[in-house]
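Q: Provided herewith: upload_19.txt, compact mmCIF, C-alpha atoms (C1' of nucleotides).
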# COMPACT_ATOMS: atom_id res chain seq x y z
CA MET S 1 144.32 117.25 141.10
CA LYS S 2 146.12 120.50 141.86
CA SER S 3 148.19 119.06 144.70
CA LEU S 4 149.25 116.25 142.41
CA LYS S 5 150.39 118.70 139.77
CA LEU S 6 152.32 120.72 142.35
CA THR S 7 154.01 117.59 143.60
CA LYS S 8 155.01 116.65 140.08
CA SER S 9 156.41 120.13 139.42
CA PHE S 10 158.31 119.98 142.71
CA GLN S 11 159.78 116.62 141.76
CA ARG S 12 160.88 118.03 138.42
CA ILE S 13 162.53 121.05 140.07
CA LEU S 14 164.35 118.74 142.46
CA LEU S 15 165.53 116.64 139.54
CA TYR S 16 166.78 119.63 137.60
CA GLY S 17 168.48 121.00 140.71
CA THR S 18 170.25 117.72 141.38
CA VAL S 19 171.40 117.45 137.77
CA LEU S 20 172.77 121.00 137.86
CA ALA S 21 174.57 120.36 141.16
CA VAL S 22 176.19 117.19 139.83
CA LEU S 23 177.14 119.06 136.68
CA VAL S 24 178.80 121.90 138.62
CA PHE S 25 180.85 119.45 140.63
CA PHE S 26 181.79 117.61 137.45
CA LEU S 27 182.83 120.88 135.80
CA LYS S 28 185.00 121.87 138.74
CA TRP S 29 186.69 118.48 138.57
CA VAL S 30 187.24 118.78 134.82
CA GLN S 31 188.59 122.32 135.28
CA TRP S 32 191.05 121.06 137.93
CA ASN S 33 192.33 118.22 135.82
CA PHE S 34 192.62 120.12 132.57
CA LEU S 35 194.45 123.00 134.15
CA ILE S 36 197.37 120.65 134.68
CA ILE S 37 197.77 120.47 130.95
CA ASP S 38 198.93 123.85 129.76
CA ASN S 39 196.84 125.79 127.27
CA ALA S 40 194.13 123.11 127.23
CA ILE S 41 191.53 125.78 127.81
CA ASP S 42 190.01 125.32 124.35
CA ILE S 43 189.37 121.64 124.91
CA TYR S 44 187.78 122.45 128.24
CA ILE S 45 185.50 125.01 126.68
CA GLY S 46 184.56 122.51 123.99
CA VAL S 47 183.57 120.00 126.62
CA ILE S 48 181.51 122.63 128.40
CA ALA S 49 179.81 123.60 125.17
CA VAL S 50 178.93 120.01 124.29
CA LEU S 51 177.72 119.30 127.79
CA PHE S 52 175.40 122.31 127.91
CA LEU S 53 174.25 121.68 124.41
CA VAL S 54 173.16 118.19 125.42
CA LEU S 55 171.66 119.59 128.62
CA GLY S 56 169.67 122.11 126.58
CA VAL S 57 168.36 119.45 124.28
CA TRP S 58 167.44 117.26 127.21
CA ILE S 59 165.63 120.07 129.04
CA ALA S 60 163.72 121.06 125.95
CA ASN S 61 162.69 117.46 125.48
CA GLN S 62 161.52 117.29 129.07
CA MET S 63 159.51 120.49 128.71
CA ILE S 64 157.83 119.44 125.53
CA LYS S 65 157.30 115.71 125.60
CA SER S 66 155.68 115.67 122.20
CA ARG S 67 153.81 118.12 120.11
CA THR S 68 150.39 116.64 119.52
CA VAL S 69 148.08 118.09 116.91
CA ILE S 70 144.47 117.00 117.20
CA VAL S 71 142.67 116.89 113.90
CA GLU S 72 138.90 116.56 114.09
CA ARG S 73 137.46 114.23 111.52
CA LYS S 74 133.77 114.02 110.88
CA VAL S 75 132.54 110.45 110.83
CA PRO S 76 128.96 109.65 109.90
CA VAL S 77 127.31 107.69 112.66
CA SER S 78 124.25 105.66 111.91
CA THR S 79 121.70 106.76 114.43
CA PRO S 80 119.01 104.13 115.07
CA ARG S 81 116.51 106.93 114.48
CA THR S 82 116.22 110.25 116.11
CA VAL S 83 116.31 109.16 119.71
CA PHE S 84 115.84 112.53 121.29
CA ILE S 85 112.35 113.93 121.48
CA ASN S 86 112.24 117.65 120.99
CA GLU S 87 110.28 118.61 124.09
CA ASP S 88 110.77 122.31 123.43
CA THR S 89 108.87 122.02 120.17
CA LEU S 90 106.25 119.98 121.98
CA ARG S 91 105.78 122.81 124.46
CA GLU S 92 105.77 125.46 121.77
CA LEU S 93 102.98 123.69 119.97
CA ALA S 94 101.03 123.57 123.26
CA ILE S 95 100.24 119.91 122.84
CA SER S 96 98.76 118.52 126.04
CA LYS S 97 99.62 115.17 127.62
CA ARG S 98 96.47 113.49 126.49
CA GLU S 99 96.79 114.85 122.99
CA TYR S 100 100.33 113.55 122.88
CA GLU S 101 99.15 110.08 123.90
CA VAL S 102 96.67 110.18 121.06
CA LEU S 103 99.37 111.37 118.68
CA GLN S 104 101.64 108.49 119.62
CA LEU S 105 98.97 105.88 118.97
CA LEU S 106 97.89 107.69 115.82
CA ALA S 107 101.46 107.56 114.52
CA LYS S 108 101.52 103.81 115.13
CA GLY S 109 98.79 103.49 112.56
CA HIS S 110 95.90 102.95 114.96
CA THR S 111 92.41 104.03 113.97
CA ASN S 112 90.41 106.44 116.08
CA ALA S 113 88.32 103.52 117.33
CA ASP S 114 91.46 101.64 118.38
CA ILE S 115 92.78 104.67 120.23
CA ALA S 116 89.44 105.14 121.97
CA THR S 117 89.54 101.54 123.20
CA GLU S 118 93.15 101.75 124.34
CA LEU S 119 92.68 105.02 126.21
CA PHE S 120 89.26 104.00 127.64
CA VAL S 121 87.52 107.02 126.17
CA SER S 122 84.79 107.47 123.61
CA LEU S 123 85.30 107.85 119.90
CA SER S 124 84.10 111.44 120.18
CA THR S 125 86.86 112.28 122.61
CA VAL S 126 89.50 110.84 120.35
CA LYS S 127 88.12 112.78 117.43
CA THR S 128 88.27 115.98 119.43
CA HIS S 129 91.88 115.34 120.41
CA VAL S 130 92.79 114.48 116.85
CA SER S 131 91.14 117.62 115.48
CA ASN S 132 92.97 119.75 118.05
CA LEU S 133 96.22 118.05 117.10
CA PHE S 134 95.65 118.84 113.43
CA GLN S 135 95.11 122.51 114.26
CA LYS S 136 98.20 122.68 116.46
CA LEU S 137 100.34 120.84 113.93
CA ASP S 138 98.85 122.86 111.08
CA VAL S 139 97.98 119.79 109.02
CA LYS S 140 94.83 118.52 107.34
CA ASN S 141 94.89 114.78 107.99
CA ARG S 142 96.53 112.10 110.10
CA THR S 143 99.11 111.10 107.53
CA GLN S 144 100.41 114.66 107.38
CA ALA S 145 100.35 114.70 111.15
CA ILE S 146 102.62 111.67 111.27
CA THR S 147 105.02 113.04 108.68
CA LYS S 148 105.24 116.44 110.33
CA SER S 149 105.60 115.00 113.83
CA LYS S 150 108.51 112.88 112.69
CA GLU S 151 110.09 115.87 111.00
CA LEU S 152 109.72 117.90 114.18
CA ASN S 153 111.17 115.04 116.22
CA ILE S 154 108.28 115.05 118.62
CA ILE S 155 107.67 111.35 118.06
CA PRO S 156 110.25 108.57 117.59
CA MET M 157 157.92 115.70 97.18
CA LYS M 158 161.23 113.94 97.94
CA SER M 159 163.38 116.56 96.25
CA LEU M 160 161.56 119.21 98.24
CA LYS M 161 162.29 117.38 101.47
CA LEU M 162 165.96 117.03 100.54
CA THR M 163 166.14 120.71 99.78
CA LYS M 164 164.60 121.54 103.13
CA SER M 165 167.07 119.30 104.94
CA PHE M 166 169.94 120.93 103.09
CA GLN M 167 168.67 124.37 104.03
CA ARG M 168 168.49 123.29 107.65
CA ILE M 169 172.05 121.95 107.61
CA LEU M 170 173.26 125.23 106.06
CA LEU M 171 171.41 127.18 108.76
CA TYR M 172 172.94 125.12 111.55
CA GLY M 173 176.39 125.43 110.03
CA THR M 174 176.11 129.20 109.71
CA VAL M 175 174.88 129.54 113.29
CA LEU M 176 177.79 127.41 114.52
CA ALA M 177 180.30 129.43 112.53
CA VAL M 178 178.98 132.73 113.85
CA LEU M 179 179.03 131.26 117.33
CA VAL M 180 182.65 130.18 117.05
CA PHE M 181 183.74 133.63 115.92
CA PHE M 182 181.73 135.17 118.74
CA LEU M 183 183.35 132.82 121.24
CA LYS M 184 186.81 133.66 120.03
CA TRP M 185 186.05 137.33 120.37
CA VAL M 186 184.66 136.86 123.87
CA GLN M 187 187.69 134.75 124.79
CA TRP M 188 190.03 137.53 123.54
CA ASN M 189 188.27 140.28 125.46
CA PHE M 190 187.85 138.35 128.70
CA LEU M 191 191.45 137.18 128.78
CA ILE M 192 192.47 140.80 129.37
CA ILE M 193 190.73 140.60 132.72
CA ASP M 194 192.70 138.24 134.88
CA ASN M 195 191.02 135.14 136.25
CA ALA M 196 187.77 135.90 134.45
CA ILE M 197 187.73 132.35 133.15
CA ASP M 198 184.67 131.38 135.26
CA ILE M 199 182.54 134.17 133.84
CA TYR M 200 183.61 133.18 130.36
CA ILE M 201 182.67 129.56 130.99
CA GLY M 202 179.28 130.66 132.36
CA VAL M 203 178.58 132.62 129.20
CA ILE M 204 179.58 129.60 127.12
CA ALA M 205 177.33 127.36 129.19
CA VAL M 206 174.29 129.63 128.86
CA LEU M 207 174.86 130.08 125.14
CA PHE M 208 175.07 126.40 124.43
CA LEU M 209 172.17 125.68 126.73
CA VAL M 210 170.02 128.03 124.70
CA LEU M 211 171.40 126.54 121.50
CA GLY M 212 170.52 123.06 122.76
CA VAL M 213 166.97 124.12 123.56
CA TRP M 214 166.60 125.72 120.17
CA ILE M 215 167.91 122.65 118.35
CA ALA M 216 165.63 120.38 120.37
CA ASN M 217 162.66 122.53 119.40
CA GLN M 218 163.63 122.32 115.77
CA MET M 219 163.84 118.53 116.06
CA ILE M 220 160.53 118.24 117.87
CA LYS M 221 158.80 120.14 115.10
CA SER M 222 159.55 117.27 112.76
CA ARG M 223 158.34 114.89 115.43
CA THR M 224 154.83 116.29 115.55
CA VAL M 225 152.20 113.69 116.25
CA ILE M 226 148.92 114.06 114.45
CA VAL M 227 146.02 112.47 116.22
CA GLU M 228 142.72 112.13 114.42
CA ARG M 229 139.70 112.63 116.58
CA LYS M 230 136.52 111.16 115.24
CA VAL M 231 133.54 113.42 115.62
CA PRO M 232 130.18 111.72 115.26
CA VAL M 233 127.88 113.48 112.84
CA SER M 234 124.20 112.68 112.99
CA THR M 235 122.86 111.69 109.62
CA PRO M 236 119.61 113.44 108.66
CA ARG M 237 117.83 110.11 108.54
CA THR M 238 118.40 106.72 107.07
CA VAL M 239 119.49 107.73 103.62
CA PHE M 240 119.77 104.31 102.12
CA ILE M 241 116.65 102.76 100.66
CA ASN M 242 116.42 99.03 101.10
CA GLU M 243 115.81 98.02 97.50
CA ASP M 244 116.03 94.34 98.31
CA THR M 245 113.02 94.61 100.57
CA LEU M 246 111.29 96.57 97.87
CA ARG M 247 111.82 93.73 95.41
CA GLU M 248 110.82 91.08 97.93
CA LEU M 249 107.51 92.82 98.49
CA ALA M 250 107.00 92.89 94.70
CA ILE M 251 106.04 96.54 94.77
CA SER M 252 105.89 97.90 91.22
CA LYS M 253 107.25 101.24 90.06
CA ARG M 254 103.88 102.88 89.89
CA GLU M 255 102.85 101.55 93.27
CA TYR M 256 106.08 102.89 94.72
CA GLU M 257 105.36 106.32 93.29
CA VAL M 258 101.97 106.22 94.96
CA LEU M 259 103.56 105.07 98.21
CA GLN M 260 106.00 107.96 98.21
CA LEU M 261 103.27 110.55 97.76
CA LEU M 262 101.08 108.75 100.25
CA ALA M 263 103.86 108.92 102.83
CA LYS M 264 104.13 112.66 102.28
CA GLY M 265 100.60 112.96 103.59
CA HIS M 266 98.88 113.48 100.28
CA THR M 267 95.29 112.37 99.82
CA ASN M 268 94.22 109.94 97.13
CA ALA M 269 92.78 112.83 95.13
CA ASP M 270 96.09 114.71 95.36
CA ILE M 271 98.01 111.67 94.20
CA ALA M 272 95.60 111.17 91.29
CA THR M 273 96.16 114.75 90.18
CA GLU M 274 99.93 114.57 90.52
CA LEU M 275 100.22 111.30 88.62
CA PHE M 276 97.61 112.28 86.00
CA VAL M 277 95.45 109.24 86.69
CA SER M 278 91.96 108.79 88.02
CA LEU M 279 91.02 108.44 91.67
CA SER M 280 90.03 104.85 90.98
CA THR M 281 93.52 104.00 89.80
CA VAL M 282 95.07 105.48 92.89
CA LYS M 283 92.67 103.53 95.08
CA THR M 284 93.62 100.34 93.30
CA HIS M 285 97.32 101.01 93.77
CA VAL M 286 96.78 101.89 97.40
CA SER M 287 94.78 98.74 98.05
CA ASN M 288 97.46 96.63 96.39
CA LEU M 289 100.08 98.36 98.51
CA PHE M 290 98.16 97.56 101.67
CA GLN M 291 98.03 93.89 100.73
CA LYS M 292 101.73 93.75 99.89
CA LEU M 293 102.71 95.62 103.02
CA ASP M 294 100.25 93.59 105.09
CA VAL M 295 98.61 96.65 106.62
CA LYS M 296 95.06 97.89 106.92
CA ASN M 297 95.33 101.63 106.33
CA ARG M 298 97.65 104.32 105.03
CA THR M 299 98.99 105.37 108.40
CA GLN M 300 100.17 101.83 109.05
CA ALA M 301 101.59 101.78 105.54
CA ILE M 302 103.68 104.86 106.30
CA THR M 303 104.92 103.50 109.62
CA LYS M 304 105.79 100.11 108.20
CA SER M 305 107.47 101.54 105.11
CA LYS M 306 109.68 103.72 107.28
CA GLU M 307 110.53 100.77 109.47
CA LEU M 308 111.47 98.72 106.42
CA ASN M 309 113.52 101.64 105.08
CA ILE M 310 111.79 101.53 101.74
CA ILE M 311 110.95 105.24 101.97
CA PRO M 312 113.10 108.08 103.39
C1' DC J 313 87.41 130.25 145.51
C1' DT J 314 87.40 131.68 140.63
C1' DG J 315 88.74 131.47 135.90
C1' DA J 316 91.32 129.28 132.40
C1' DA J 317 92.79 125.14 130.43
C1' DT J 318 92.13 120.32 129.93
C1' DT J 319 89.51 116.36 129.25
C1' DT J 320 85.49 114.40 128.33
C1' DC J 321 81.30 113.36 125.46
C1' DA J 322 77.44 113.92 121.99
C1' DT J 323 75.23 114.87 117.49
C1' DC J 324 75.00 115.94 112.74
C1' DC J 325 76.95 116.12 108.51
C1' DT J 326 80.43 115.85 104.72
C1' DA J 327 84.62 114.17 102.81
C1' DA J 328 87.85 110.75 102.30
C1' DA J 329 89.37 106.20 102.63
C1' DG J 330 88.97 101.53 101.88
C1' DT J 331 86.76 97.04 99.81
C1' DA J 332 85.04 94.30 96.14
C1' DT J 333 84.40 93.27 91.55
C1' DG J 334 84.83 93.61 86.80
C1' DA J 335 87.03 95.06 82.71
C1' DA J 336 90.05 97.14 79.07
C1' DC J 337 94.74 97.96 77.23
C1' DG J 338 99.68 97.23 76.29
C1' DG J 339 104.11 95.11 76.79
C1' DA J 340 107.10 91.21 77.67
C1' DA J 341 107.90 86.35 77.98
C1' DC J 342 107.03 81.65 76.48
C1' DG G 343 99.50 83.88 69.32
C1' DT G 344 98.36 83.62 74.17
C1' DT G 345 99.45 84.07 78.76
C1' DC G 346 100.92 86.84 82.56
C1' DC G 347 101.57 91.21 84.69
C1' DG G 348 101.22 95.95 85.31
C1' DT G 349 98.41 99.80 84.62
C1' DT G 350 94.37 101.89 83.92
C1' DC G 351 89.44 102.91 84.98
C1' DA G 352 84.56 102.39 86.68
C1' DT G 353 80.78 101.45 89.78
C1' DA G 354 78.79 100.43 94.11
C1' DC G 355 79.10 100.03 98.80
C1' DT G 356 80.89 100.28 103.71
C1' DT G 357 83.84 102.22 106.91
C1' DT G 358 86.57 105.70 108.76
C1' DA G 359 88.00 110.27 109.12
C1' DG G 360 87.27 114.92 109.78
C1' DG G 361 84.66 119.47 110.73
C1' DA G 362 81.48 122.28 113.45
C1' DT G 363 79.25 123.12 117.50
C1' DG G 364 77.88 122.76 122.14
C1' DA G 365 78.43 121.34 126.68
C1' DA G 366 79.72 119.06 131.13
C1' DA G 367 83.30 117.50 134.39
C1' DT G 368 87.92 118.01 136.01
C1' DT G 369 92.24 120.10 137.11
C1' DC G 370 95.16 123.55 138.54
C1' DA G 371 97.29 127.97 139.20
C1' DG G 372 96.57 132.78 140.94
Let me see whether you can do it: turn the structure in this file into structure tokens.
A:
Amino acid sequence: MKSLKLTKSFQRILLYGTVLAVLVFFLKWVQWNFLIIDNAIDIYIGVIAVLFLVLGVWIANQMIKSRTVIVERKVPVSTPRTVFINEDTLRELAISKREYEVLQLLAKGHTNADIATELFVSLSTVKTHVSNLFQKLDVKNRTQAITKSKELNIIP
Amino acid sequence: MKSLKLTKSFQRILLYGTVLAVLVFFLKWVQWNFLIIDNAIDIYIGVIAVLFLVLGVWIANQMIKSRTVIVERKVPVSTPRTVFINEDTLRELAISKREYEVLQLLAKGHTNADIATELFVSLSTVKTHVSNLFQKLDVKNRTQAITKSKELNIIP
DNA sequence: CTGAATTTCATCCTAAAGTATGAACGGAAC
DNA sequence: GTTCCGTTCATACTTTAGGATGAAATTCAG
């Protein structure tokens, strides 16, 4: 990246140098020819002025290709849902892996009995997990647990 | 707007004209002084060249200012959630106003007793509404009702 | 290895949810 | 008017959820 930039700068310097050299030779030639005509010094100076004016414009254009102003524009993007799970919150609430599995199934609308079957544990175990979840989420029932979990982005 | 732009252009032309006039006087003065020194024509031409080079750069900058490119950059903004309620789905499911009120409170995690109190109706009424909702949503309990309602975008 | 946290399970009890059925009332449409 | 629909309410019953408590097995870091 840096070598490329240096190369480009070098090329530009070479270009400018060449242009200046050609210009100097051209000026010397113009000076020679115009000096034959007496008192044509004003015309000569005019030519010089125009030439350097154009050169100045050209150089400035080369230096600043175009002035680009970037305007940020806020565009609402429809997110499919909150995709990102807030794992920090999950850790803060000290919800264990197993409890989180229960929470996920609970949020799907499964009953405790369903969850017990799916996780191959007893109904008592599920109830324990659920009760612990309620305490950690600071809610009183499973519907509040679902709502709060979605608000906290700890479930999709 | 257009008159303002014309005025600005006029001001710019006046500015350029004044600068040129001042420059011409300055040049004449320089020419006068330098002609005293014999063969100082090269130095004089150098001064002219530098002056008009700078002038060219300045003019180019002035021109570029009016050539500023504005690029809009779209910044995605995450919407809080799906804001739009799918009222078509709501009508298709034939969910009545009162049932929808119950559904909204239900989705907030309120118990049937809470809903009864808030809507000034009896617990029996709420239970009836809830049962009807379950049938219309084709679910078996309130947690499934919440999940499905959110999926169908009929509640926020 | 020991202690803390996790996971597991049980039992008892209460509260809430959910089902089924019937009925009364009012408004809008036919 | 009467028919349909939404809303209201009640009663009885079953199921599920939730709370409290205790305890055993497992895991895992210090």
Q: What is the CA of Leu123 (chain S) to CA of Lys108 (chain S) distance in Å?
A: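 Interatomic distance, CA of Leu123 (chain S) to CA of Lys108 (chain S): 17.4 Å.
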Q: What's the separation between CA of Asn153 (chain S) and CA of Val258 (chain M), in Å to one decimal place?
A: 24.8 Å
Q: Pick out the chain M residues within 9 Å of chain G. Count all atoms listed in the file. Give them as number ranges by chain.
A: M: 252, 254, 277-281
Q: I need the contact residues of chain J against chain M, so if you could list those with any atom within 9 Å, counting only C-alpha atoms (C1' of nucleotides), and return them as an mmCIF file with C-alpha atoms (C1' of nucleotides), in the coordinates of the input, that would help.
A:
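out29.cif was written with the following content:
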data_model
loop_
_atom_site.group_PDB
_atom_site.id
_atom_site.type_symbol
_atom_site.label_atom_id
_atom_site.label_comp_id
_atom_site.auth_asym_id
_atom_site.auth_seq_id
_atom_site.Cartn_x
_atom_site.Cartn_y
_atom_site.Cartn_z
ATOM 1 C "C1'" DA J 328 87.850 110.750 102.300
ATOM 2 C "C1'" DA J 329 89.370 106.200 102.630
ATOM 3 C "C1'" DG J 330 88.970 101.530 101.880
ATOM 4 C "C1'" DT J 331 86.760 97.040 99.810
#
Q: Which of these residues is nearest to chain M, using all atoms listed in the file: S:Val139, S:Ile115, S:Leu133, S:Ala49?
A: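 Using all atoms listed in the file, the shortest distance to chain M belongs to S:Ala49.
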Q: Pick the closest to chain S from M:Phe290, M:Phe181, M:Phe276, M:Phe208: which is it, counting only C-alpha atoms?
A: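 Once distances to chain S are computed over only C-alpha atoms, the minimum belongs to M:Phe208.
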Q: Please return, as a PyMOL selection string, all polymer residues that have at least one atom within 12 Å of the point (107.7, 117.3, 114.1); use all atoms listed in the file and the file's own coordinate frame.
A: chain S and resi 82+84-93+95+103+107+133+136-139+144-156
Q: One number please: CA of Val57 (chain S) to CA of Ile201 (chain M), in Å, one decimal.
A: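 Between CA of Val57 (chain S) and CA of Ile201 (chain M) the gap works out to 18.8 Å.
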Q: Measuring atom to atom with all atoms listed in the file, identify which of M:Gly202, M:Leu275, M:Thr299, M:Trp185 is nearest to chain S.
A: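 The closest residue to chain S is M:Thr299.
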Q: Nearest to chain S among M:Ala250, M:Val282, M:Leu211, M:Leu261, with distances taken over only C-alpha atoms: which residue is it?
A: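 Among the listed residues, the smallest separation from chain S belongs to M:Leu211.
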Q: Measuring between only C-alpha atoms, which one of M:Tyr256, M:Val203, M:Gly265, M:Leu179 shows the shortest distance to chain S?
A: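 Using only C-alpha atoms, chain S sits closest to M:Gly265.
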